[in-house]
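File shown here: protein.cif, holding mmCIF, C-alpha atoms and all ligand atoms.
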data_data
#
loop_
_atom_site.label_atom_id
_atom_site.label_comp_id
_atom_site.auth_asym_id
_atom_site.auth_seq_id
_atom_site.Cartn_x
_atom_site.Cartn_y
_atom_site.Cartn_z
CA MET A 1077 96.08 103.43 98.10
CA GLU A 1078 97.67 100.41 96.47
CA ARG A 1079 100.86 99.08 95.04
CA ARG A 1080 101.00 96.46 92.31
CA PHE A 1081 104.16 94.39 91.88
CA PRO A 1082 105.53 93.02 88.61
CA ASN A 1083 104.43 89.50 89.58
CA GLY A 1084 100.79 90.73 89.85
CA SER A 1085 100.49 90.79 93.64
CA VAL A 1086 98.95 93.81 95.35
CA LEU A 1087 99.49 95.66 98.63
CA ARG A 1088 96.54 97.83 99.64
CA LEU A 1089 95.78 100.29 102.44
CA MET A 1090 92.21 101.11 103.42
CA ILE A 1091 90.24 102.59 106.29
CA GLY A 1092 87.69 100.18 107.72
CA ASP A 1093 86.57 97.50 110.15
CA ILE A 1094 88.60 94.34 109.50
CA THR A 1095 85.65 92.11 110.50
CA LYS A 1096 83.69 93.40 107.49
CA VAL A 1097 86.30 92.94 104.76
CA PRO A 1098 86.17 89.56 102.95
CA ALA A 1099 89.52 87.73 102.82
CA ASP A 1100 90.92 84.21 102.92
CA ALA A 1101 92.68 84.96 106.21
CA ILE A 1102 92.11 87.77 108.71
CA VAL A 1103 94.95 88.62 111.08
CA ASN A 1104 94.04 89.41 114.67
CA ALA A 1105 96.13 91.44 117.13
CA ALA A 1106 95.87 88.94 119.99
CA ASN A 1107 97.60 88.57 123.36
CA SER A 1108 99.85 85.71 124.40
CA ALA A 1109 97.16 84.20 126.64
CA LEU A 1110 94.85 83.91 123.57
CA ARG A 1111 91.90 84.81 125.78
CA GLY A 1112 90.52 87.67 123.77
CA GLY A 1113 90.63 91.32 124.72
CA GLY A 1114 89.61 94.76 123.60
CA GLY A 1115 90.34 96.52 120.35
CA VAL A 1116 90.45 94.47 117.19
CA ASP A 1117 90.61 91.22 119.21
CA GLY A 1118 87.25 91.96 120.85
CA ALA A 1119 85.73 92.94 117.52
CA ILE A 1120 86.90 89.71 115.86
CA HIS A 1121 85.49 87.48 118.60
CA ARG A 1122 82.18 89.39 118.69
CA ALA A 1123 81.71 89.24 114.95
CA GLY A 1124 83.13 85.73 114.50
CA GLY A 1125 81.18 84.09 117.32
CA PRO A 1126 82.20 81.58 120.02
CA GLU A 1127 83.72 78.96 117.67
CA ILE A 1128 86.97 80.89 117.47
CA MET A 1129 87.49 80.97 121.24
CA LYS A 1130 86.65 77.25 121.46
CA GLU A 1131 89.51 76.51 119.09
CA LEU A 1132 91.82 78.84 121.00
CA ASP A 1133 90.91 76.99 124.23
CA VAL A 1134 92.22 73.78 122.67
CA ILE A 1135 95.41 75.45 121.45
CA ARG A 1136 95.96 77.08 124.85
CA GLU A 1137 95.58 73.74 126.65
CA ARG A 1138 98.12 72.17 124.35
CA THR A 1139 100.70 74.96 124.22
CA GLY A 1140 99.95 77.34 127.10
CA GLY A 1141 99.40 80.26 124.72
CA CYS A 1142 101.36 81.95 121.97
CA PRO A 1143 104.74 83.67 122.33
CA THR A 1144 105.20 87.30 121.33
CA GLY A 1145 106.23 87.56 117.68
CA SER A 1146 104.36 84.42 116.69
CA ALA A 1147 100.80 83.50 115.69
CA VAL A 1148 98.29 80.64 115.76
CA ALA A 1149 95.55 79.81 113.24
CA THR A 1150 91.86 79.07 113.81
CA THR A 1151 88.87 78.94 111.52
CA ALA A 1152 86.94 82.19 111.21
CA GLY A 1153 83.46 81.38 112.56
CA ARG A 1154 80.97 83.83 111.08
CA LEU A 1155 83.63 86.17 109.69
CA PRO A 1156 83.89 86.46 105.89
CA ALA A 1157 87.12 84.42 105.79
CA ARG A 1158 88.46 80.87 106.07
CA TYR A 1159 91.02 81.54 108.80
CA VAL A 1160 91.93 83.91 111.58
CA PHE A 1161 95.65 84.17 112.33
CA HIS A 1162 96.02 85.34 115.93
CA ALA A 1163 99.32 87.21 116.04
CA VAL A 1164 100.87 88.39 119.29
CA GLY A 1165 102.58 91.73 118.82
CA PRO A 1166 105.12 93.20 121.24
CA ILE A 1167 104.15 95.65 123.98
CA TRP A 1168 106.10 98.88 123.34
CA ARG A 1169 108.76 99.34 126.03
CA GLY A 1170 110.68 102.26 124.57
CA GLY A 1171 112.03 100.50 121.50
CA THR A 1172 115.03 98.86 123.16
CA HIS A 1173 113.45 95.47 123.85
CA ASN A 1174 113.57 93.96 120.38
CA GLU A 1175 110.13 95.38 119.56
CA ALA A 1176 110.83 95.93 115.86
CA GLU A 1177 112.10 92.39 115.30
CA LEU A 1178 109.17 90.91 117.25
CA LEU A 1179 106.69 92.97 115.24
CA ALA A 1180 108.35 91.96 111.97
CA SER A 1181 108.19 88.35 113.11
CA CYS A 1182 104.39 88.63 113.58
CA TYR A 1183 103.91 89.71 109.99
CA ARG A 1184 106.37 87.12 108.64
CA THR A 1185 104.75 84.31 110.62
CA CYS A 1186 101.29 85.23 109.32
CA LEU A 1187 102.52 85.40 105.73
CA GLN A 1188 104.22 82.01 106.10
CA MET A 1189 101.00 80.56 107.56
CA ALA A 1190 99.13 82.04 104.58
CA GLU A 1191 101.48 80.35 102.11
CA GLU A 1192 101.10 77.00 103.87
CA ARG A 1193 97.30 77.22 103.59
CA GLY A 1194 97.00 78.50 100.04
CA VAL A 1195 95.67 81.86 101.23
CA GLN A 1196 95.51 84.39 98.40
CA VAL A 1197 94.04 87.40 100.17
CA ILE A 1198 95.13 88.32 103.71
CA THR A 1199 94.02 91.31 105.78
CA PHE A 1200 96.06 92.88 108.58
CA PRO A 1201 95.19 95.35 111.33
CA SER A 1202 97.87 97.67 112.68
CA ILE A 1203 99.34 95.16 115.14
CA SER A 1204 100.59 96.58 118.48
CA THR A 1205 99.66 100.23 117.86
CA GLY A 1206 96.53 100.25 120.04
CA ALA A 1207 96.64 99.03 123.64
CA TYR A 1208 100.24 97.82 123.16
CA GLY A 1209 101.41 101.38 122.52
CA TYR A 1210 103.79 100.88 119.58
CA PRO A 1211 104.27 104.26 117.83
CA VAL A 1212 102.27 104.00 114.65
CA ARG A 1213 104.83 105.55 112.28
CA GLU A 1214 107.52 103.09 113.35
CA ALA A 1215 105.12 100.16 113.32
CA ALA A 1216 103.89 101.11 109.84
CA ALA A 1217 107.44 101.15 108.45
CA VAL A 1218 108.15 97.67 109.85
CA ALA A 1219 104.82 96.21 108.72
CA LEU A 1220 104.97 97.62 105.20
CA ARG A 1221 108.56 96.57 104.63
CA ILE A 1222 107.92 92.95 105.60
CA VAL A 1223 104.71 92.65 103.58
CA ARG A 1224 106.14 94.43 100.52
CA ASP A 1225 109.23 92.19 100.51
CA TRP A 1226 107.05 89.10 100.80
CA LEU A 1227 104.65 90.07 98.02
CA ALA A 1228 107.45 91.04 95.66
CA ARG A 1229 109.15 87.64 95.88
CA PRO A 1230 108.14 85.60 92.82
CA GLU A 1231 108.03 82.25 94.65
CA ASN A 1232 105.37 83.45 97.12
CA LYS A 1233 101.72 82.72 96.36
CA VAL A 1234 99.88 85.32 98.46
CA ARG A 1235 98.34 87.64 95.87
CA GLU A 1236 96.89 90.43 97.95
CA ALA A 1237 97.65 91.91 101.38
CA VAL A 1238 95.35 94.58 102.73
CA PHE A 1239 95.99 96.75 105.78
CA VAL A 1240 92.53 97.52 107.17
CA LEU A 1241 93.14 100.55 109.35
CA PHE A 1242 90.52 101.62 111.80
CA ASP A 1243 90.90 105.38 111.81
CA GLU A 1244 92.07 108.21 109.62
CA ALA A 1245 95.21 108.95 111.68
CA THR A 1246 96.45 105.37 111.44
CA TYR A 1247 95.65 105.27 107.73
CA ARG A 1248 97.60 108.48 107.18
CA ALA A 1249 100.62 107.16 109.11
CA TYR A 1250 100.67 104.02 106.95
CA ALA A 1251 100.17 106.01 103.75
CA GLU A 1252 103.08 108.28 104.65
CA ALA A 1253 105.29 105.35 105.61
CA ALA A 1254 104.40 103.70 102.29
CA GLU A 1255 105.39 106.79 100.34
CA LYS A 1256 108.69 106.83 102.17
CA GLU A 1257 109.38 103.10 101.84
CA PHE A 1258 108.26 102.73 98.25
CA GLY A 1259 109.60 106.00 96.94
CA GLY A 1260 106.28 107.34 95.69
CA GLY A 1261 105.53 104.35 93.48
CA LEU A 1262 101.98 104.08 94.79
CA ASP A 1263 98.74 104.47 92.91
CA ARG A 1264 96.19 106.60 94.67
CA PRO A 1265 92.53 106.17 93.92
CA ALA A 1266 90.89 109.61 93.68
CA GLY A 1267 89.84 111.06 97.02
CA VAL A 1268 91.71 108.58 99.19
CA GLY A 1269 94.78 109.76 101.04
CA SER A 1270 94.92 112.83 98.81
CA ARG A 1271 96.23 114.99 101.62
CA THR A 1272 99.27 112.81 102.28
CA GLY A 1273 102.72 113.01 100.76
P1 LIG B 1 97.28 95.86 120.22
O1 LIG B 1 96.98 95.32 121.59
O2 LIG B 1 98.11 94.89 119.39
O3 LIG B 1 97.84 97.23 120.26
P2 LIG B 1 94.61 96.85 119.52
O4 LIG B 1 93.45 96.03 119.10
O5 LIG B 1 94.53 97.58 120.83
O6 LIG B 1 95.88 95.85 119.46
O7 LIG B 1 94.94 97.92 118.39
C1 LIG B 1 95.51 97.61 117.16
C2 LIG B 1 94.90 98.47 116.07
O8 LIG B 1 93.64 97.90 115.68
C3 LIG B 1 94.57 99.91 116.50
O9 LIG B 1 94.95 100.78 115.42
C4 LIG B 1 93.05 99.89 116.65
O10 LIG B 1 92.48 101.17 116.39
C5 LIG B 1 92.69 98.93 115.55
N1 LIG B 1 91.34 98.35 115.56
C6 LIG B 1 90.44 98.26 116.57
N2 LIG B 1 89.31 97.68 116.13
C7 LIG B 1 89.49 97.38 114.82
C8 LIG B 1 88.67 96.80 113.79
N3 LIG B 1 87.43 96.36 114.04
N4 LIG B 1 89.21 96.69 112.53
C9 LIG B 1 90.46 97.11 112.26
N5 LIG B 1 91.27 97.66 113.18
C10 LIG B 1 90.78 97.80 114.44
#
What do you get writing this file as C-alpha cells?
Amino acid sequence: MERRFPNGSVLRLMIGDITKVPADAIVNAANSALRGGGGVDGAIHRAGGPEIMKELDVIRERTGGCPTGSAVATTAGRLPARYVFHAVGPIWRGGTHNEAELLASCYRTCLQMAEERGVQVITFPSISTGAYGYPVREAAAVALRIVRDWLARPENKVREAVFVLFDEATYRAYAEAAEKEFGGGLDRPAGVGSRTG
C-alpha cells in the first residue's frame, strides 16, 4: 500500500523484517537506557553487529541515555543503511500520560534527523506497540499523521518513508488507519491489503 504526494514523495506500508529492507536510515524502537532489548531492538543489534552498541556506549556516557519522545543517531554497522535512529517511544499507561504527544515526537525527531543528514529513504517499525503496549490502532493513527504531514510539506527533502510492519495484524491496523486518515486516497498493489477497508 502506498501514497504518493504531489511533490513526488511516497509513504509506503509493507510487511517485513526492518533489518532486511535497504534504506538510508532505519529507525529502531529503543529504550531510554540505549542498552538494547528484545523485539525490533534485538533484531537490529543482531543484524547490525557490535559497532552500533559501541557507538551507543559513547552516547550513553556523554548523555546518560535518551529521553522518551526523542532519538539518537548511530551508523548502521552491517545493516543495509547509513544510519540507525534509535527512538524511545512511550510506555502505554492508559493514554493519560502524554503518550500520543511523546509518540508523535519520536516520529518528528527522526524525520528532522533525516533532513539534517540528507536521508532520502527512511524506514520505521511500529514504535511502542510491542513490549511498550501502545494500542496499535491509536499508534498507527499518530504515526501516519506525522509522517504524512512531513512528506507532504514541499520544503522537506525526505522522499520516501516506509513502515516495515512485522506481522499481518499490525499491517492491517496501519492500512485501516491510513484509509481513515487519508480518506481512501491510497493505491493498493494487487494482493496486498486487499481485505482491508
Ligand atoms: P516497543 O518496546 O517500542 O514496543 P518492540 O520491539 O517490542 O518495541 O515492538 C515494536 C514493533 O516492532 C512490534 O510491532 C514488533 O512486532 C515489531 N518488530 C519486532 N521485530 C521486528 C523486525 N525485525 N522488523 C520490524 N518490526 C519488528
Open item on the list: 6 Å from ligand LIG 1 (chain B) is the threshold here; counting only C-alpha atoms and all ligand atoms, which polymer residues fall inside it? Answer as a list in words.
Closed with: Asp1093, Ile1094, Thr1095, Ala1105, Gly1115, Val1116, Asp1117, Ala1119, Gly1165, Pro1201, Ser1202, Ile1203, Ser1204, Thr1205, Gly1206, Ala1207, Tyr1208, Gly1209, Val1240, Leu1241 and Phe1242 of chain A
Would you save the residues from that selection as a compact mmCIF listing (two decimals), keeping the file's coordinate frame, using C-alpha atoms?
# COMPACT_ATOMS: atom_id res chain seq x y z
CA ASP A 1093 86.57 97.50 110.15
CA ILE A 1094 88.60 94.34 109.50
CA THR A 1095 85.65 92.11 110.50
CA ALA A 1105 96.13 91.44 117.13
CA GLY A 1115 90.34 96.52 120.35
CA VAL A 1116 90.45 94.47 117.19
CA ASP A 1117 90.61 91.22 119.21
CA ALA A 1119 85.73 92.94 117.52
CA GLY A 1165 102.58 91.73 118.82
CA PRO A 1201 95.19 95.35 111.33
CA SER A 1202 97.87 97.67 112.68
CA ILE A 1203 99.34 95.16 115.14
CA SER A 1204 100.59 96.58 118.48
CA THR A 1205 99.66 100.23 117.86
CA GLY A 1206 96.53 100.25 120.04
CA ALA A 1207 96.64 99.03 123.64
CA TYR A 1208 100.24 97.82 123.16
CA GLY A 1209 101.41 101.38 122.52
CA VAL A 1240 92.53 97.52 107.17
CA LEU A 1241 93.14 100.55 109.35
CA PHE A 1242 90.52 101.62 111.80
TODO: Taking (96.1, 82.4, 127.0) in the file's own coordinates, collect the residues within 10 Å, counting only C-alpha atoms, and hand them back as a ChimeraX atom specification.
DONE: /A:1106-1112,1132-1133,1135-1137,1139-1143
Open item on the list: Please report the interatomic distance between CA of Gly1145 in chain A and CA of Ala1253 in chain A in Å with one decimal.
Closed with: 21.5 Å
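Atom to atom, CA of Thr1151 in chain A and CA of Arg1079 in chain A stand 28.7 Å apart.
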Open item on the list: Let me make sure I understand: among A:Ile1120, A:Val1134, A:Val1148, A:Ala1245, which one has the smallest atom-to-atom distance to Pro1211 in chain A if we use all atoms listed in the file?
Closed with: A:Ala1245
Open item on the list: Let me make sure I understand: among A:Asn1104, A:Tyr1210, A:Glu1078, A:Asn1232, which one has the smallest atom-to-atom distance to Thr1172 in chain A if we use only C-alpha atoms?
Closed with: A:Tyr1210
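Separating CA of Val1234 in chain A from CA of Ala1219 in chain A is a distance of 15.8 Å.
Within a radius of 9 Å around (104.4, 93.4, 113.8), the polymer residues are Gly1145, Ala1163, Val1164, Gly1165, Pro1166, Glu1175, Ala1176, Glu1177, Leu1178, Leu1179, Ala1180, Ser1181, Cys1182, Tyr1183, Arg1184, Ser1202, Ile1203, Ser1204, Ala1215, Ala1216, Val1218, Ala1219 and Ile1222 of chain A, counting all atoms listed in the file.
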